[in-house]
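*Asks:* One structure coming up, written as structure tokens, with questions to follow.
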Amino acid sequence: MRNEDVALFESKGVSKSMLLCRRAFAGSTSLAILSVWLYRCFYFVYDYQSHAHALVWIGMFAAEVWFGLCWLLTQASRWNLIYRRTFKDKLSYRHEKELPGIDIFGCTADPTIEPPIMVINTVLSVMAYDYPSEKLSVYLSDDGGSDITFYVLTLASTFAKHWIPYCKKYKLETPCPAAYFSNSAPPTPASEDWASIRELYEEMKNRIQSVTELGGISKELRLEHNGFTGWESFSSPRDHDTILHILIGVSSSREVKGVDGCALPNLIYLAREKRPQHPHNFKAGAINSLIRVSEQMSNGPVILTLDCDMYSNSTRSLRDALCFFMDEEKGYEIAFVQFPQSFENVTRNDIYGSSLRTDMEVDFHGMDGFGGSMYIGTGCFHRRDTLCGRVFSKSQRDRGFWRKGNDNQYFIETAYDLEERLKDLASCTFEKDTQWGTEMGLKYGCAVEDVITGLSIQCNGWKSVYYNPERKGFLGLAPTSLHPTLVQHKRWSEGDLQILLSKYNPASYGFRRIHPGLIMGYYVYILWAPSSLPTLYYCIIPSLHLLIGNSLFPQISSLWIIPYAYIIFSAYAYSLAEFLWSGGTFLAWWNDQRMWLYKRTSSYFFALVDTISRLVKYSSTTFTITSKVADQDAYQRYEQDIMDFETPSPMITILVTLAMLNLFCLAGLAKQLLVDFSRTLETMILQIIQNFFLVVINLPLYEALFERKDKGKVPSSVTVKSVFLALLACACFTFLH
Ligand SMILES: O=c1ccn([C@@H]2O[C@H](COP(=O)(O)OP(=O)(O)O[C@H]3O[C@H](CO)[C@@H](O)[C@H](O)[C@H]3O)[C@@H](O)[C@H]2O)c(=O)[nH]1
Ligand SMILES: [Mn+2]
């Protein structure tokens with residue numbers, strides 16, 4: 001029995017009736033899926049028409065088997081949902097004196113698409129946690145090696161002197177300045193403090209704006225700060241020495257106090273060494289350098305990793321995370337605590353389906369029920385030693401791990417000497433012949449390095465926790481246009497596919513090491529890329545067969561239509577209910593269905609093609625950084641839920657081609673209906689519904705193709721190609737058949 005008085009957190013399942021309802025649904029739908037498979041087999045044997053027809057039939061069968069199995073996997077992550085609650089009062093009551101040092105890692109990579117003002121807002125937000133400042137260290141890794149970012153960070157360290165005392169004095173819930181000033185009206189009666197802090201912020205913002213507009217740091221500004229000497233050897237972001245600078249160093253000559261005399265957290269800038277001939281392993285490489293450098297400084301036993309756009313939206317999250325790690329009974333086996341990835345800029349109807357709503361509100365709770373959430377790169381707290389590869393051992397319960405730390409002993413030498421000594425830890429050759437990137441730190445060679453790292457931690461015997469509080473712990477930026485969304489999903493599905501093909505395949509690697517339910521939970525994601533093939537098949541073949549009046553589904557009068565009808569009804573009703581229950585709107589759900597289709601037929605398909613061609617050619621992966629800026633025009637369209645097709649890329653071409661193909665097939669169907677209305681309806685009702693659905697869901701695309709005049713319409717080069725391809729496909733199919 002768990003001693004409730006001592007526990008620092010609580011885990012709850014869903015109510016019995018809800019569970020029963022879910023399982024009844026899962027059971028009945030499984031039966032229906034089974035009937036569909038039976039139908040395919042049965043008719044294959046008894047209704048053999050021709051070899052060609054048989055091939056098409058086998059394709060339909062294969063697609064339906066695939067969809068059915070994938071659906072079963074999604075049910076696994078709905079089998080046992082777990083919700084967590086923390087007791088922070090108990091934590092302070094019992095452990096306030098021995099709270100561990102926490103190292104916060106932020107990563108940025110490109111000052112043009114990740115604006116420095118956003119980056120330092122993230123930095124400031126995490127410096128203002130409700131936590132003893134001397135136990136907090138914030139490290140910013142800058143893969144852009146940008147002196148602008150560095151300069152802006154020096155401004156932030158000055159602003160922090162005012163901002164952090166202000167946050168603490170007024171107990172702000174929103175410690176991110178930009179969010180604070182944009183959301184909250186001046187307090188009434190307007191306080192002097194508010195006005196002056198706002199003025200300071202605006203002043204800083206203006207200075208930042210002028211350097212970003214200038215595109216560089218002027219000679220005069222360079223003289224203001226000795227940190228710029230780091231750039232003497234700099235020739236490009238991909239070719240420079242390590243630049244390491246301690247901006248704020250507790251109990252050293254660089255100690256900076258708040259205006260009220262309070263301590264401020266350590267603040268460290270790092271641009272690891274880069275050379276063109278050395279692969280730098282993207283974000284994983286950056287984090288591993290940070291792990292090493294920080295170990296020699298603050299050495300916090302707990303590490304928080306963040307993307308540069310993920311600002312802290314709650315000052316309590318550190319304490320939340322510690323409630324898990326420091327829980328006397330269960331904390332010893334918890335390796336990481338993942339917060340949901342939530343976004344500040346998602347619109348109500350979420351045209352690009354970026355909110356990851358059901359993943360965050362349902363799937364991840366389900367994985368948690370089977371031993372732990374995935375690690376998704378940002379908003380995640382780790383035990384340092386686990387991240388460095390320590391294997392879990394039941395016999396060595398490491399209960400007081402948080403007592404390890406450096407207690408600021410590291411600043412015995414001068415900050416400058418320390419910087420010089422540690423630079424080598426971030427050099428490009430440091431990792432040569434070591435286990436970094438394989439057994440230690442984040443793993444290399446995978447586009448979703450975080451997922452593979454989390455998986456291997458779990459396979460080493462650790463548990464993880466998904467913590468999704470009412471007030472979101474972190475808020476980031478989702479892409480605000482179609483093409484970047486598709487590119488992001490291509491990277492993700494590519495990474496997931498790499499996991500499937502690697503030795504870390506959860507089914508083999510995780511076998512007997514993690515719960516089978518968790519393996520299934522991972523599979524939902526790692527099968528994304530191959531899912532593109534059955535989806536493409538299902539969106540093309542039945543529609544084409546409308547042109548020649550060939551039925552691929554049961555007739556209206558046949559009993560076999562029942563399982564199909566049941567699946568369509570129940571799957572959609574269920575997904576809608578779940579979506580609404582997770583806080584979405586009907587329109588957002590509908591948009592999500594469209595994006596489901598778009599991602600599967602473009603991002604995932606190209607991820608598959610690229611991965612296969614890479615296997616053949618042995619080239620390495622790339623990381624396309626998601627832009628966090630949009631021009632005003634495009635942003636306006638985003639806010640009005642108008643889709644942007646602006647980029648003439650192959651991914652967009654494929655979407656437009658599919659939409660056109662289905663439109664032509666609908667025209668072909670109209671012809672069939674004119675010839676023999678009742679027979680066509682009788683034999684092809686499901687095909688008609690499907691084609692109709694595909695046309696209706698593509699309505700915004702047709703609009704962008706035929707009606708819109710703005711910059712986000714389908715580019716004419718894409719239109720020409722797509723119409724040609726779709727016509728060609730229809731014509732070939734009709735004549736060759
Ligand atoms: O060479 C690189 C490339 C990227 N980054 C940083 O990595 C983070 C994530 O990059 P982003 O372009 O924002 O990608 P997203 O698709 O939004 O990121 C999601 O997906 C990634 C895996 O593909 C995870 O690492 C992230 O945590 C997760 O938020 C950003 O802070 C970047 O600055 C680097 O530090 N170095
Ligand atoms: Mn991002």
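FYI, nothing fancy with the structure tokens labels: chains A, B, ... in order, residues from 1 per chain, ligands from 1 as they appear.
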As an NGL selection string, please: the residues near range 194-200 of chain A (cut-off 8 Å, only C-alpha atoms, same-chain neighbours under 6 positions excluded).
*Replies:* :A and (159 or 162-163 or 166 or 181 or 186-187)
*Asks:* Could the residues in this selection be written to a file with N, CA and C atoms, as an mmCIF file, in the first residue's frame?
*Replies:*
```
data_model
loop_
_atom_site.group_PDB
_atom_site.id
_atom_site.type_symbol
_atom_site.label_atom_id
_atom_site.label_comp_id
_atom_site.auth_asym_id
_atom_site.auth_seq_id
_atom_site.Cartn_x
_atom_site.Cartn_y
_atom_site.Cartn_z
ATOM 1 N N PHE A 159 18.610 42.920 -18.113
ATOM 2 C CA PHE A 159 17.176 43.066 -17.849
ATOM 3 C C PHE A 159 16.733 42.146 -16.709
ATOM 4 N N HIS A 162 16.157 43.277 -13.174
ATOM 5 C CA HIS A 162 14.888 43.919 -12.813
ATOM 6 C C HIS A 162 13.734 42.925 -12.899
ATOM 7 N N TRP A 163 13.813 42.111 -13.930
ATOM 8 C CA TRP A 163 12.680 41.234 -14.229
ATOM 9 C C TRP A 163 12.454 40.180 -13.148
ATOM 10 N N TYR A 166 10.996 41.463 -10.048
ATOM 11 C CA TYR A 166 9.609 41.847 -10.335
ATOM 12 C C TYR A 166 8.698 40.617 -10.322
ATOM 13 N N PHE A 181 3.496 40.949 -21.159
ATOM 14 C CA PHE A 181 3.078 42.282 -21.593
ATOM 15 C C PHE A 181 2.007 42.233 -22.668
ATOM 16 N N PRO A 186 -2.407 46.742 -18.024
ATOM 17 C CA PRO A 186 -1.744 47.309 -16.846
ATOM 18 C C PRO A 186 -2.602 47.102 -15.610
ATOM 19 N N PRO A 187 -1.971 46.801 -14.503
ATOM 20 C CA PRO A 187 -2.742 46.575 -13.284
ATOM 21 C C PRO A 187 -3.470 47.860 -12.882
#
```
*Asks:* Hey, which residues come within 7 Å of ligand 1 if we count only C-alpha atoms and all ligand atoms? Could you give them as a count of residues only?
*Replies:* 32
*Asks:* Counting only C-alpha atoms, which residues of range 451-494 of chain A sit at most 10 Å from some atom of range 115-138 of chain A, and what is each one's closest atom pair with its distance in Å to one decimal, listed by chain and rising residue number, as CSV?
*Replies:*
```
residue,atom,partner,partner_atom,distance
A:Phe474,CA,A:Thr122,CA,9.6
A:Leu475,CA,A:Thr122,CA,9.5
A:Gly476,CA,A:Thr122,CA,9.3
```
*Asks:* Find the residue from A:Gly371, A:Leu140, A:Thr154, A:Gly261 that sits nearest to Ile287 in chain A; use only C-alpha atoms when measuring.
*Replies:*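 The answer is A:Leu140, which sits nearest to Ile287 in chain A.
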*Asks:* What lies within 12 Å of range 677-693 of chain A using only C-alpha atoms, ignoring chain neighbours under 4 positions off, as a PyMOL selection string?
*Replies:* chain A and resi 538-558+560-565+568+590+593-594+597+658-673+697-699
*Asks:* Nearest residue to ligand 2 out of A:Ala630, A:Met204, A:Ile567, A:Leu477, using only C-alpha atoms and all ligand atoms?
*Replies:*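 For ligand 2, the nearest of the given residues is A:Leu477.
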*Asks:* Closest to ligand 2 among A:Phe343, A:Phe706, A:Phe569, A:Phe105, using only C-alpha atoms and all ligand atoms?
*Replies:* A:Phe343
*Asks:* Pick the closest to ligand 2 from A:His95, A:Arg316, A:Lys709, A:His489: which is it, counting only C-alpha atoms and all ligand atoms?
*Replies:*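 Of A:His95, A:Arg316, A:Lys709, A:His489, the one nearest ligand 2 is A:His489, counting only C-alpha atoms and all ligand atoms.
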*Asks:* Using DSSP on the backbone, list every residue of range 269-470 of chain A that comes out as helix (DSSP H, G or I), and give them as JSON, numbers by chain.
*Replies:* {"A": [282, 283, 284, 285, 286, 287, 288, 289, 290, 291, 292, 293, 294, 295, 317, 318, 319, 320, 321, 322, 323, 324, 325, 331, 332, 333, 357, 358, 359, 360, 361, 362, 363, 364, 365, 366, 367, 368, 369, 384, 385, 386, 387, 401, 402, 403, 409, 410, 411, 412, 415, 416, 417, 418, 419, 420, 421, 422, 423, 424, 425, 426, 449, 450, 451, 452, 453, 454, 455, 456, 457, 458, 459]}
*Asks:* Which one of A:Ile164, A:Lys628, A:Tyr525, A:Ala588 sits closest to Cys176 in chain A if you count only C-alpha atoms?
*Replies:*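 The answer is A:Ile164, which sits nearest to Cys176 in chain A.
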*Asks:* Any idea what the distance is between CA of Phe511 in chain A and CA of Val14 in chain A?
*Replies:* 27.3 Å
*Asks:* Closest to ligand 2 among A:Leu500, A:Pro479, A:Arg513, A:Arg614, using only C-alpha atoms and all ligand atoms?
*Replies:*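 Distance minimum relative to ligand 2 lands on A:Pro479.
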*Asks:* Determine, counting only C-alpha atoms, which protein, DNA and RNA residues have an atom within 10 Å of an atom of Gly437 in chain A; residues of the same chain fewer than 2 positions away are not included. Present the result as a count of residues only.
*Replies:* 17
*Asks:* If we count only C-alpha atoms and set the cut-off at 8 Å, which residues sit around Ile243 in chain A, ignoring sequence neighbours fewer than 5 positions away in its own chain? Please answer as a PyMOL selection string.
*Replies:* chain A and resi 145+230-231+269-273+423
*Asks:* Write out as a ChimeraX atom specification each polymer residue whose atoms come within 12 Å of Ser218 in chain A, counting only C-alpha atoms; drop sequence neighbours fewer than 5 positions from it.
*Replies:* /A:147-148,151,210-213,223-225,228
*Asks:* One decimal, Å: what's the distance from CA of Phe234 in chain A over to CA of Cys428 in chain A, could you say?
*Replies:*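 CA of Phe234 in chain A sits 14.8 Å away from CA of Cys428 in chain A.
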*Asks:* Run DSSP on the backbone and grab whatever in range 111-228 of chain A lands in strand (DSSP E or B); send it over as a VMD selection string.
*Replies:* chain A and resid 136 to 142
